[in-house]
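J.: My structure is in model.cif, and what it holds is mmCIF, C-alpha atoms:
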```cif
data_work
#
loop_
_atom_site.label_atom_id
_atom_site.label_comp_id
_atom_site.auth_asym_id
_atom_site.auth_seq_id
_atom_site.Cartn_x
_atom_site.Cartn_y
_atom_site.Cartn_z
CA MET M 496 0.00 0.00 0.00
CA PRO M 497 1.35 3.47 -0.84
CA LEU M 498 1.63 6.31 1.65
CA THR M 499 0.12 9.50 0.25
CA LEU M 500 0.84 12.93 1.74
CA HIS M 501 -1.55 15.66 0.58
CA LEU M 502 0.28 19.00 0.59
CA GLY M 503 -1.75 22.17 1.04
CA ALA M 504 -0.69 25.66 -0.04
CA ASP M 505 1.04 26.34 3.29
CA ASP M 506 2.92 23.04 3.07
CA LEU M 507 4.18 23.86 -0.42
CA THR M 508 5.69 27.15 0.74
CA ARG M 509 7.33 25.60 3.82
CA CYS M 510 9.19 22.61 2.42
CA ARG M 511 12.74 22.64 3.74
CA PHE M 512 15.95 20.58 4.02
CA ALA M 513 17.99 19.55 7.05
CA ILE M 514 21.07 17.51 7.93
CA SER M 515 20.71 15.62 11.20
CA PRO M 516 23.67 13.76 12.72
CA LEU M 517 21.28 12.11 15.20
CA CYS M 518 18.99 10.86 12.43
CA GLN M 519 22.01 9.61 10.48
CA THR M 520 23.19 7.70 13.54
CA HIS M 521 19.88 5.88 13.86
CA GLU M 522 19.65 5.23 10.12
CA ALA M 523 23.12 3.66 10.40
CA LEU M 524 21.85 1.44 13.21
CA ARG M 525 18.80 0.47 11.13
CA MET M 526 21.15 -0.30 8.24
CA LEU M 527 23.19 -2.63 10.47
CA ARG M 528 20.03 -4.60 11.23
CA ARG M 529 18.79 -4.77 7.64
CA PRO M 530 21.09 -6.58 5.19
CA ALA M 531 19.19 -5.22 2.18
CA ARG M 532 20.76 -1.84 2.97
CA HIS M 533 24.34 -3.13 3.17
CA GLY M 534 25.23 -2.97 -0.52
CA TYR M 535 27.05 0.37 -0.68
CA HIS M 536 28.51 0.06 2.81
CA ARG M 537 30.39 -3.24 2.82
CA ALA M 538 33.81 -1.56 3.07
CA TRP M 539 32.57 0.54 6.01
CA LEU M 540 31.03 -2.54 7.65
CA ARG M 541 34.33 -4.40 7.41
CA ARG M 542 36.15 -1.43 8.91
CA VAL M 543 33.81 -1.03 11.91
CA ARG M 544 33.31 -4.77 12.60
CA ARG M 545 35.78 -4.77 15.49
CA THR M 546 34.26 -1.60 16.94
CA LEU M 547 30.79 -3.12 16.77
CA ALA M 548 31.99 -6.25 18.54
CA GLY M 549 32.97 -4.11 21.52
CA LEU M 550 29.62 -2.30 21.77
CA ASP M 551 26.61 -3.61 23.63
CA LEU M 552 23.74 -1.99 21.73
CA SER M 553 21.11 -4.52 22.78
CA PRO M 554 18.82 -1.92 24.45
CA LEU M 555 18.70 -0.04 21.15
CA TRP M 556 18.14 -3.21 19.13
CA LEU M 557 14.86 -3.70 21.00
CA PHE M 558 13.49 -0.78 19.00
CA VAL M 559 15.04 -1.52 15.60
CA PRO M 560 13.07 -4.41 14.04
CA ARG M 561 15.09 -6.49 11.62
CA VAL M 562 12.39 -6.53 8.93
CA GLY M 563 10.20 -3.48 8.55
CA GLY M 564 8.38 -2.28 11.61
CA TYR M 565 8.48 0.97 13.50
CA THR M 566 11.41 2.65 15.26
CA PRO M 567 10.40 5.27 17.85
CA ASP M 568 10.50 8.72 16.30
CA PHE M 569 12.12 10.31 19.37
CA LEU M 570 15.30 8.31 18.65
CA GLY M 571 15.89 10.34 15.49
CA PRO M 572 13.29 13.11 15.36
CA PRO M 573 13.01 15.68 12.58
CA PRO M 574 15.24 18.60 13.63
CA GLY M 575 13.79 22.04 14.06
CA GLU M 576 16.75 23.75 12.37
CA PRO M 577 18.67 23.03 9.17
CA TYR M 578 22.08 22.04 10.61
CA PRO M 579 21.86 21.03 14.29
CA THR M 580 24.90 19.74 16.16
CA ILE M 581 24.92 16.25 17.60
CA ASP M 582 25.16 17.73 21.11
CA ASP M 583 22.03 19.82 20.60
CA GLU M 584 20.15 16.85 19.17
CA LEU M 585 21.17 14.54 22.00
CA ALA M 586 20.03 17.16 24.50
CA ARG M 587 16.67 17.34 22.73
CA MET M 588 16.42 13.54 22.76
CA ARG M 589 17.16 13.42 26.50
CA ALA M 590 14.37 15.97 27.07
CA THR M 591 11.74 13.74 25.42
CA ASP M 592 8.44 13.64 27.32
CA PRO M 593 8.40 10.20 29.03
CA ALA M 594 4.70 9.76 28.20
CA LEU M 595 5.38 10.31 24.49
CA ALA M 596 8.43 8.02 24.66
CA ARG M 597 6.33 5.26 26.23
CA VAL M 598 3.68 5.48 23.51
CA GLU M 599 6.31 5.26 20.77
CA MET M 600 8.26 2.48 22.45
CA ALA M 601 5.09 0.44 22.95
CA ARG M 602 4.23 0.82 19.28
CA SER M 603 7.73 -0.29 18.30
CA LEU M 604 7.77 -3.32 20.63
CA ALA M 605 4.38 -4.40 19.28
CA CYS M 606 6.01 -4.98 15.87
CA THR M 607 7.73 -8.08 17.32
CA PRO M 608 5.22 -10.64 18.65
CA GLY M 609 5.62 -11.23 22.38
CA LEU M 610 8.26 -8.54 22.93
CA SER M 611 5.97 -6.12 24.79
CA GLU M 612 5.12 -8.83 27.36
CA SER M 613 8.69 -10.05 27.77
CA PRO M 614 10.69 -9.07 30.89
CA ARG M 615 12.84 -6.69 28.81
CA GLY M 616 9.80 -5.13 27.15
CA ARG M 617 8.00 -4.60 30.44
CA ALA M 618 11.14 -3.14 32.05
CA VAL M 619 11.59 -0.40 29.44
CA LEU M 620 7.90 0.51 29.45
CA ASP M 621 7.73 0.63 33.25
CA ASP M 622 10.51 3.25 33.36
CA PRO M 623 10.22 5.37 30.20
CA ALA M 624 12.25 8.28 31.57
CA GLY M 625 15.14 6.01 32.55
CA THR M 626 14.90 4.19 29.21
CA VAL M 627 15.17 7.49 27.32
CA ARG M 628 18.33 8.38 29.26
CA ARG M 629 19.91 4.98 28.59
CA LEU M 630 19.01 5.07 24.89
CA ALA M 631 20.44 8.59 24.56
CA ASP M 632 23.69 7.49 26.23
CA LEU M 633 23.96 4.50 23.87
CA THR M 634 23.17 6.69 20.87
CA GLU M 635 25.94 9.08 21.88
CA LEU M 636 28.32 6.12 22.17
CA ALA M 637 27.27 4.81 18.75
CA TRP M 638 27.75 8.27 17.22
CA HIS M 639 31.33 8.61 18.46
CA ALA M 640 32.25 5.02 17.61
CA LEU M 641 30.62 4.67 14.19
CA LEU M 642 29.95 8.05 12.58
CA ALA M 643 32.01 10.83 14.13
CA PRO M 644 35.31 9.82 12.45
CA ASP M 645 33.68 9.94 8.99
CA TRP M 646 31.18 12.74 9.63
CA PRO M 647 32.95 15.45 7.57
CA ARG M 648 32.75 13.21 4.48
CA HIS M 649 29.15 12.23 5.22
CA ARG M 650 28.15 15.83 5.81
CA ALA M 651 29.78 16.90 2.55
CA VAL M 652 27.79 14.30 0.57
CA LEU M 653 24.54 15.37 2.25
CA ALA M 654 25.31 19.05 1.68
CA ALA M 655 26.09 18.40 -1.98
CA ASP M 656 22.76 16.61 -2.39
CA ILE M 657 20.89 19.56 -0.88
CA ALA M 658 22.79 22.02 -3.07
CA HIS M 659 21.95 19.98 -6.18
CA ARG M 660 18.26 19.71 -5.34
CA SER M 661 18.08 23.39 -4.41
CA ARG M 662 19.38 24.21 -7.88
CA LEU M 663 16.72 21.93 -9.37
CA ALA M 664 14.05 23.81 -7.43
CA ALA M 665 15.48 27.16 -8.51
CA ASP M 666 15.49 26.12 -12.16
CA GLY M 667 12.29 24.05 -12.35
CA GLY M 668 10.28 24.76 -9.22
CA LEU M 669 8.91 22.35 -6.67
CA ASP M 670 7.88 19.86 -9.37
CA ALA M 671 11.51 19.43 -10.44
CA LEU M 672 12.56 18.96 -6.82
CA LEU M 673 9.95 16.42 -5.70
CA THR M 674 9.80 14.27 -8.84
CA GLY M 675 13.50 13.37 -8.55
CA LEU M 676 13.73 12.43 -4.88
CA HIS M 677 13.54 8.65 -5.28
CA PRO M 678 12.19 6.09 -7.81
CA GLY M 679 9.54 5.13 -5.25
CA VAL M 680 8.28 8.70 -4.81
CA ASP M 681 5.60 10.17 -7.09
CA TRP M 682 4.45 13.78 -7.14
CA ALA M 683 1.22 14.83 -8.84
CA GLY M 684 -1.75 17.01 -7.99
CA HIS M 685 -0.35 18.20 -4.63
CA ARG M 686 0.04 14.56 -3.57
CA LEU M 687 3.41 13.10 -2.59
CA THR M 688 3.07 9.32 -2.85
CA LEU M 689 5.58 6.80 -1.52
CA ARG M 690 5.04 3.50 -3.32
CA GLY M 691 5.69 0.23 -1.52
CA TYR M 692 5.72 1.89 1.88
CA GLY M 693 4.83 -0.54 4.64
CA ASP M 694 3.69 0.55 8.11
CA HIS M 695 1.86 3.86 7.83
CA ALA M 696 -1.28 3.45 9.91
CA GLU M 697 -0.02 6.14 12.32
CA ALA M 698 1.63 8.33 9.71
CA GLN M 699 0.94 12.01 10.17
CA ALA M 700 -0.79 14.03 7.47
CA PRO M 701 0.76 17.37 6.50
CA ASP M 702 -0.87 20.20 8.45
CA GLY M 703 0.60 23.39 7.08
CA ARG M 704 4.09 23.03 8.60
CA GLY M 705 5.48 21.78 5.31
CA ILE M 706 7.50 18.65 4.52
CA LEU M 707 11.02 18.26 5.87
CA LEU M 708 13.36 16.64 3.33
CA MET M 709 16.45 14.89 4.70
CA PRO M 710 19.05 13.14 2.53
CA SER M 711 20.65 10.09 4.13
CA VAL M 712 23.74 8.03 3.47
CA PHE M 713 22.29 4.90 5.07
CA VAL M 714 18.62 4.72 4.06
CA TRP M 715 19.20 3.25 0.54
CA PRO M 716 17.35 1.51 -1.13
CA ASP M 717 14.40 2.66 0.97
CA VAL M 718 12.67 5.97 1.44
CA VAL M 719 11.30 6.66 4.92
CA SER M 720 8.40 8.87 5.89
CA GLY M 721 5.52 9.19 8.30
CA PHE M 722 6.37 10.54 11.75
CA ALA M 723 3.34 10.70 14.02
CA ARG M 724 2.48 13.82 15.97
CA PRO M 725 4.05 15.94 17.36
CA TRP M 726 6.83 15.54 14.78
CA GLN M 727 6.90 17.39 11.47
CA PRO M 728 6.05 15.22 8.44
CA THR M 729 9.39 14.17 6.95
CA VAL M 730 10.78 12.28 3.97
CA ILE M 731 14.23 10.68 4.35
CA TYR M 732 15.69 9.65 1.00
CA PRO M 733 19.05 8.32 -0.31
CA ALA M 734 21.59 11.07 -0.98
CA ARG M 735 23.22 11.44 -4.37
CA GLY M 736 26.85 10.35 -4.32
CA MET M 737 26.52 8.08 -1.28
CA GLY M 738 27.59 5.08 -3.36
CA ARG M 739 31.19 6.29 -3.58
CA LEU M 740 31.47 7.49 0.01
CA HIS M 741 33.40 4.51 1.41
CA THR M 742 34.88 3.05 -1.74
CA ALA M 743 36.21 5.74 -4.07
CA PRO M 744 39.90 6.64 -3.71
CA ALA M 745 40.93 10.26 -3.99
CA PRO M 746 41.27 11.04 -7.72
CA ARG M 747 44.75 11.62 -9.08
CA PRO M 748 45.11 14.89 -11.00
CA PRO M 749 46.29 14.85 -14.62
CA GLU M 750 50.04 15.30 -14.87
CA ALA M 751 49.69 18.37 -17.08
CA LEU M 752 47.47 20.03 -14.48
CA ALA M 753 49.90 19.10 -11.70
CA ARG M 754 52.73 20.79 -13.61
CA LEU M 755 50.59 23.90 -14.03
CA LEU M 756 49.21 24.22 -10.49
CA GLY M 757 51.59 22.11 -8.44
CA HIS M 758 50.81 18.59 -7.26
CA GLN M 759 49.11 19.58 -4.02
CA ARG M 760 46.79 22.18 -5.52
CA ALA M 761 45.97 19.98 -8.49
CA GLY M 762 45.22 17.09 -6.13
CA LEU M 763 42.90 19.25 -4.04
CA LEU M 764 41.08 20.45 -7.15
CA ALA M 765 40.67 16.91 -8.49
CA GLY M 766 39.52 15.59 -5.13
CA LEU M 767 36.65 18.02 -4.73
CA THR M 768 34.07 15.77 -6.40
CA VAL M 769 31.76 16.78 -3.54
CA PRO M 770 32.09 19.82 -1.24
CA ALA M 771 34.63 19.37 1.55
CA SER M 772 36.15 21.32 4.44
CA THR M 773 39.80 22.16 5.00
CA THR M 774 40.01 19.60 7.83
CA GLU M 775 38.63 16.82 5.67
CA LEU M 776 40.95 17.68 2.76
CA ALA M 777 44.00 17.80 5.05
CA GLY M 778 43.20 14.34 6.38
CA ARG M 779 42.44 12.89 2.97
CA TYR M 780 45.74 14.06 1.40
CA GLY M 781 48.00 13.89 4.45
CA LEU M 782 48.64 17.63 4.40
CA ALA M 783 49.34 19.87 7.38
CA PRO M 784 46.04 21.60 8.25
CA SER M 785 47.85 24.95 8.29
CA THR M 786 48.86 24.63 4.61
CA VAL M 787 45.50 23.71 3.09
CA PRO M 788 43.81 27.14 3.44
CA SER M 789 46.52 28.87 1.40
CA HIS M 790 46.12 26.34 -1.44
CA LEU M 791 42.34 26.70 -1.39
CA THR M 792 42.58 30.49 -1.30
CA ALA M 793 44.81 30.46 -4.38
CA LEU M 794 42.45 28.13 -6.25
CA ARG M 795 39.49 30.27 -5.26
CA ALA M 796 41.24 33.47 -6.38
CA ALA M 797 41.78 31.84 -9.77
CA GLY M 798 38.04 31.18 -10.06
CA LEU M 799 38.42 27.40 -9.77
CA LEU M 800 36.66 26.98 -6.42
CA ASP M 801 33.70 28.44 -4.55
CA ALA M 802 33.32 28.50 -0.76
CA ARG M 803 30.11 28.58 1.27
CA ARG M 804 29.32 28.23 4.94
CA GLN M 805 27.35 25.13 6.01
CA GLY M 806 26.55 25.36 9.70
CA TYR M 807 29.87 25.53 11.55
CA TYR M 808 31.93 24.59 8.49
CA VAL M 809 33.14 26.27 5.33
CA LEU M 810 32.84 23.90 2.38
CA TYR M 811 34.79 24.24 -0.85
CA GLU M 812 33.60 22.99 -4.24
CA ARG M 813 34.72 23.28 -7.84
CA THR M 814 33.27 25.94 -10.10
CA ALA M 815 32.36 25.31 -13.73
CA LEU M 816 35.78 26.74 -14.63
CA GLY M 817 37.44 24.27 -12.26
CA ASP M 818 35.48 21.39 -13.80
CA GLY M 819 36.47 22.54 -17.28
CA LEU M 820 40.15 22.87 -16.42
CA LEU M 821 40.19 19.41 -14.86
CA ALA M 822 38.39 17.93 -17.86
CA GLY M 823 40.80 19.59 -20.25
CA GLY M 824 43.75 18.14 -18.38
CA GLN M 825 42.19 14.68 -18.52
CA GLY M 826 41.28 14.98 -22.16
CA GLY M 827 37.61 14.15 -21.51
CA PRO M 828 34.32 15.57 -20.27
CA ALA M 829 33.90 16.75 -16.69
CA GLY M 830 31.13 15.88 -14.30
CA ARG M 831 30.39 14.89 -10.77
CA SER M 832 29.25 11.38 -10.00
CA SER M 833 25.69 10.78 -8.94
#
```
Can you dump the structure from the file as structure tokens?
T.:
Amino acid sequence: MPLTLHLGADDLTRCRFAISPLCQTHEALRMLRRPARHGYHRAWLRRVRRTLAGLDLSPLWLFVPRVGGYTPDFLGPPPGEPYPTIDDELARMRATDPALARVEMARSLACTPGLSESPRGRAVLDDPAGTVRRLADLTELAWHALLAPDWPRHRAVLAADIAHRSRLAADGGLDALLTGLHPGVDWAGHRLTLRGYGDHAEAQAPDGRGILLMPSVFVWPDVVSGFARPWQPTVIYPARGMGRLHTAPAPRPPEALARLLGHQRAGLLAGLTVPASTTELAGRYGLAPSTVPSHLTALRAAGLLDARRQGYYVLYERTALGDGLLAGGQGGPAGRSS
């Protein structure tokens, strides 16, 4: 059965994007439980296997069904701002109303026959406030162990997706934005329809607050929506470029371009297939963090890079001139991967 969200005039003017480290953490945990999502992440899974073996995430696994089912929304709620920090989101999670948490946890446990009546199920429902604190502590542990080391790269992919879709909306309006979100998403007649969507009996209808759109590295091949009240209706969809996140090596610049710009500057230019920060680029190329800004400033002064602030970070990306110069040095057409 499809899930259909009917967007009114107020919803259409209030659609927005966000990047949520907390939501990404819980989508990563859902991915770990659902092998169908593993395809693009096998290298990452091999790398974190030892870390996972040392983590006891069993209290969280209670609320992440292996096949379908509902995960409590308060574990990864839609953020109220575009680029929240993980600390702010964890604080918001810890402040969850225990009564709301109990309702959502009970709904999640009911997806697994007998779990609500088991000793573990009864224990978490009998102490919802304590359960929220324990789940927030485990989520913070999972964030630092699994995502924090790679977050600059993840954030850059998510930011690049939002930039791309914002350009689509600027050029073709909301139709161009919503029709390209995901193969399972249809947009027609003010109706956003998610085909093949499973559990949506409690899904919230849009109510004038708009739809929150969140790209995700870990949600592929699914698209996730719903969110019961009080949360804002949200669609979480696979980000463009996530397929190369853990597997693609840093591109080597053409030799002619390296002779022209110098090997380090040419390497930085070639490596900016998605926006990145100075810290990420320094780590990727083994450069001293103090030297990277001068290279980026020179490339930007030459018109080869643009810079824009994304939350607490400044992200650099190639301009059309930078793409053209790189393509000319390679002897072929330019283009970013999708």
J.: Please list as a list in words every residue within 9 Å of segment 605-612 of chain M, counting all atoms listed in the file and excluding residues in the same chain fewer than 4 positions away.
T.: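 Residues near the query, excluding close chain neighbours: Leu557, Pro560, Gly563, Gly564, Tyr565, Met600, Ala601, Gly616, Arg617 and Leu620 of chain M.
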J.: So how far away is atom CA of Leu673 of chain M from atom CA of Gly571 of chain M, in Å?
T.: 22.8 Å
J.: Got a sec to resolve the PyMOL selection byres ((chain M and resi 790) around 12) on this structure and send the residues as number ranges by chain?
T.: M: 756-764, 773, 776-777, 782-789, 791-797, 799-800, 811
J.: Just to be explicit: take each residue in the selection above, keep C-alpha atoms, and write the result as a CSV table (one decimal), in the frame of the given file.
T.:
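Okay, this is what ended up in again-v5.csv:
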```csv
chain,number,residue,atom,x,y,z
M,756,LEU,CA,49.2,24.2,-10.5
M,757,GLY,CA,51.6,22.1,-8.4
M,758,HIS,CA,50.8,18.6,-7.3
M,759,GLN,CA,49.1,19.6,-4.0
M,760,ARG,CA,46.8,22.2,-5.5
M,761,ALA,CA,46.0,20.0,-8.5
M,762,GLY,CA,45.2,17.1,-6.1
M,763,LEU,CA,42.9,19.2,-4.0
M,764,LEU,CA,41.1,20.4,-7.2
M,773,THR,CA,39.8,22.2,5.0
M,776,LEU,CA,41.0,17.7,2.8
M,777,ALA,CA,44.0,17.8,5.0
M,782,LEU,CA,48.6,17.6,4.4
M,783,ALA,CA,49.3,19.9,7.4
M,784,PRO,CA,46.0,21.6,8.2
M,785,SER,CA,47.8,25.0,8.3
M,786,THR,CA,48.9,24.6,4.6
M,787,VAL,CA,45.5,23.7,3.1
M,788,PRO,CA,43.8,27.1,3.4
M,789,SER,CA,46.5,28.9,1.4
M,791,LEU,CA,42.3,26.7,-1.4
M,792,THR,CA,42.6,30.5,-1.3
M,793,ALA,CA,44.8,30.5,-4.4
M,794,LEU,CA,42.4,28.1,-6.2
M,795,ARG,CA,39.5,30.3,-5.3
M,796,ALA,CA,41.2,33.5,-6.4
M,797,ALA,CA,41.8,31.8,-9.8
M,799,LEU,CA,38.4,27.4,-9.8
M,800,LEU,CA,36.7,27.0,-6.4
M,811,TYR,CA,34.8,24.2,-0.8
```
J.: Within 9 Å of (3.3, 23.0, 2.2) in the file's own coordinates, which protein, DNA or RNA residues have an atom, counting all atoms listed in the file? List them as a ChimeraX atom specification.
T.: /M:501-510,701-706
J.: Rounded to one decimal place, report the atom CA of Ala771 of chain M-atom CA of Pro644 of chain M distance in Å.
T.: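 Result for atom CA of Ala771 of chain M versus atom CA of Pro644 of chain M: 14.5 Å, one decimal.
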J.: Apply the PyMOL selection byres ((chain M and resi 581) around 8) to the displayed file and report the matching residues as number ranges by chain.
T.: M: 515-517, 579-580, 582-585
J.: Show me, as a PyMOL selection string, the residues that have an atom within 12 Å of segment 536-546 of chain M when counting all atoms listed in the file, minus same-chain residues fewer than 3 positions from it.
T.: chain M and resi 523-524+526-533+549-552+636-642+644-645+712-716+737-743
J.: Give as a ChimeraX atom specification the residues that the PyMOL selection byres ((chain M and resi 596) around 8) matches when applied to the coordinates above.
T.: /M:567,569,591-595,597-600,623-624,627
J.: Extract, using all atoms listed in the file, all DNA, RNA and protein residues at most 8 Å from Phe512 of chain M, discarding same-chain residues fewer than 5 positions from it, and format them as a ChimeraX atom specification.
T.: /M:577,657,707-709
J.: If I take atom CA of Ala822 of chain M and atom CA of Thr768 of chain M, how far is one from the other in Å, to one decimal?
T.: 12.4 Å
J.: Hey, could you pull the box centre and edge lengths for segment 604-618 of chain M, axis-aligned, 8 Å padding per side, all listed atoms, to one decimal in Å, as JSON?
T.:
```
{"center_x": 8.6, "center_y": -7.2, "center_z": 24.0, "size_x": 24.5, "size_y": 24.1, "size_z": 32.2}
```
J.: Nearest to Val769 of chain M: which of M:Gln727, M:Thr626, M:Thr814, M:Thr634 is it, counting only C-alpha atoms?
T.: M:Thr814
J.: Using all atoms listed in the file, pick whichever of M:Ala651, M:Ala765, M:Ala643, M:Val730 has the shortest atom-to-atom distance to Thr688 of chain M.
T.: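 For Thr688 of chain M, the nearest of the given residues is M:Val730.
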J.: If we count all atoms listed in the file and set the cut-off at 12 Å, which residues sit around His659 of chain M, ignoring sequence neighbours fewer than 2 positions away in its own chain? Please answer as a list in words.
T.: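 Result of the neighbour search: Phe512, Val652, Leu653, Ala654, Ala655, Asp656, Ile657, Ser661, Arg662, Leu663, Ala664, Ala665, Asp666, Ala671, Leu672, Gly675, Leu676, Pro710, Ala734, Arg735, Gly736, Val769, Pro770, Arg831, Ser832 and Ser833 of chain M.
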J.: For a quick check of understanding, using all atoms listed in the file, which of M:Pro748, M:Pro554, M:Gly625, M:Gly817 has the smallest distance to Arg589 of chain M?
T.: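 Comparing M:Pro748, M:Pro554, M:Gly625, M:Gly817 against Arg589 of chain M, the winner is M:Gly625.
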J.: Can you complete the atoms of segment 540-551 of chain M to N, CA, C and O atoms and list them as a CSV table (one decimal), keeping the file's coordinate frame?
T.:
```csv
chain,number,residue,atom,x,y,z
M,540,LEU,N,31.4,-1.5,6.7
M,540,LEU,CA,31.0,-2.5,7.6
M,540,LEU,C,32.2,-3.4,8.0
M,540,LEU,O,32.4,-3.7,9.2
M,541,ARG,N,33.1,-3.7,7.1
M,541,ARG,CA,34.3,-4.4,7.4
M,541,ARG,C,35.2,-3.6,8.4
M,541,ARG,O,35.8,-4.1,9.3
M,542,ARG,N,35.3,-2.3,8.1
M,542,ARG,CA,36.2,-1.4,8.9
M,542,ARG,C,35.7,-1.3,10.3
M,542,ARG,O,36.5,-1.2,11.3
M,543,VAL,N,34.3,-1.3,10.6
M,543,VAL,CA,33.8,-1.0,11.9
M,543,VAL,C,33.4,-2.3,12.6
M,543,VAL,O,32.9,-2.3,13.7
M,544,ARG,N,33.7,-3.5,12.0
M,544,ARG,CA,33.3,-4.8,12.6
M,544,ARG,C,33.9,-4.9,14.0
M,544,ARG,O,33.2,-5.3,14.9
M,545,ARG,N,35.2,-4.6,14.2
M,545,ARG,CA,35.8,-4.8,15.5
M,545,ARG,C,35.2,-3.8,16.5
M,545,ARG,O,34.9,-4.1,17.7
M,546,THR,N,34.9,-2.6,16.1
M,546,THR,CA,34.3,-1.6,16.9
M,546,THR,C,32.9,-2.1,17.4
M,546,THR,O,32.5,-2.0,18.6
M,547,LEU,N,32.1,-2.6,16.4
M,547,LEU,CA,30.8,-3.1,16.8
M,547,LEU,C,30.9,-4.3,17.8
M,547,LEU,O,30.0,-4.4,18.7
M,548,ALA,N,31.9,-5.1,17.6
M,548,ALA,CA,32.0,-6.2,18.5
M,548,ALA,C,32.2,-5.8,20.0
M,548,ALA,O,31.8,-6.5,20.9
M,549,GLY,N,32.7,-4.6,20.2
M,549,GLY,CA,33.0,-4.1,21.5
M,549,GLY,C,31.8,-3.3,22.1
M,549,GLY,O,32.0,-2.7,23.2
M,550,LEU,N,30.8,-3.1,21.3
M,550,LEU,CA,29.6,-2.3,21.8
M,550,LEU,C,28.4,-3.2,22.1
M,550,LEU,O,28.1,-4.1,21.4
M,551,ASP,N,27.8,-2.9,23.3
M,551,ASP,CA,26.6,-3.6,23.6
M,551,ASP,C,25.4,-2.7,23.3
M,551,ASP,O,25.1,-1.8,24.1
```
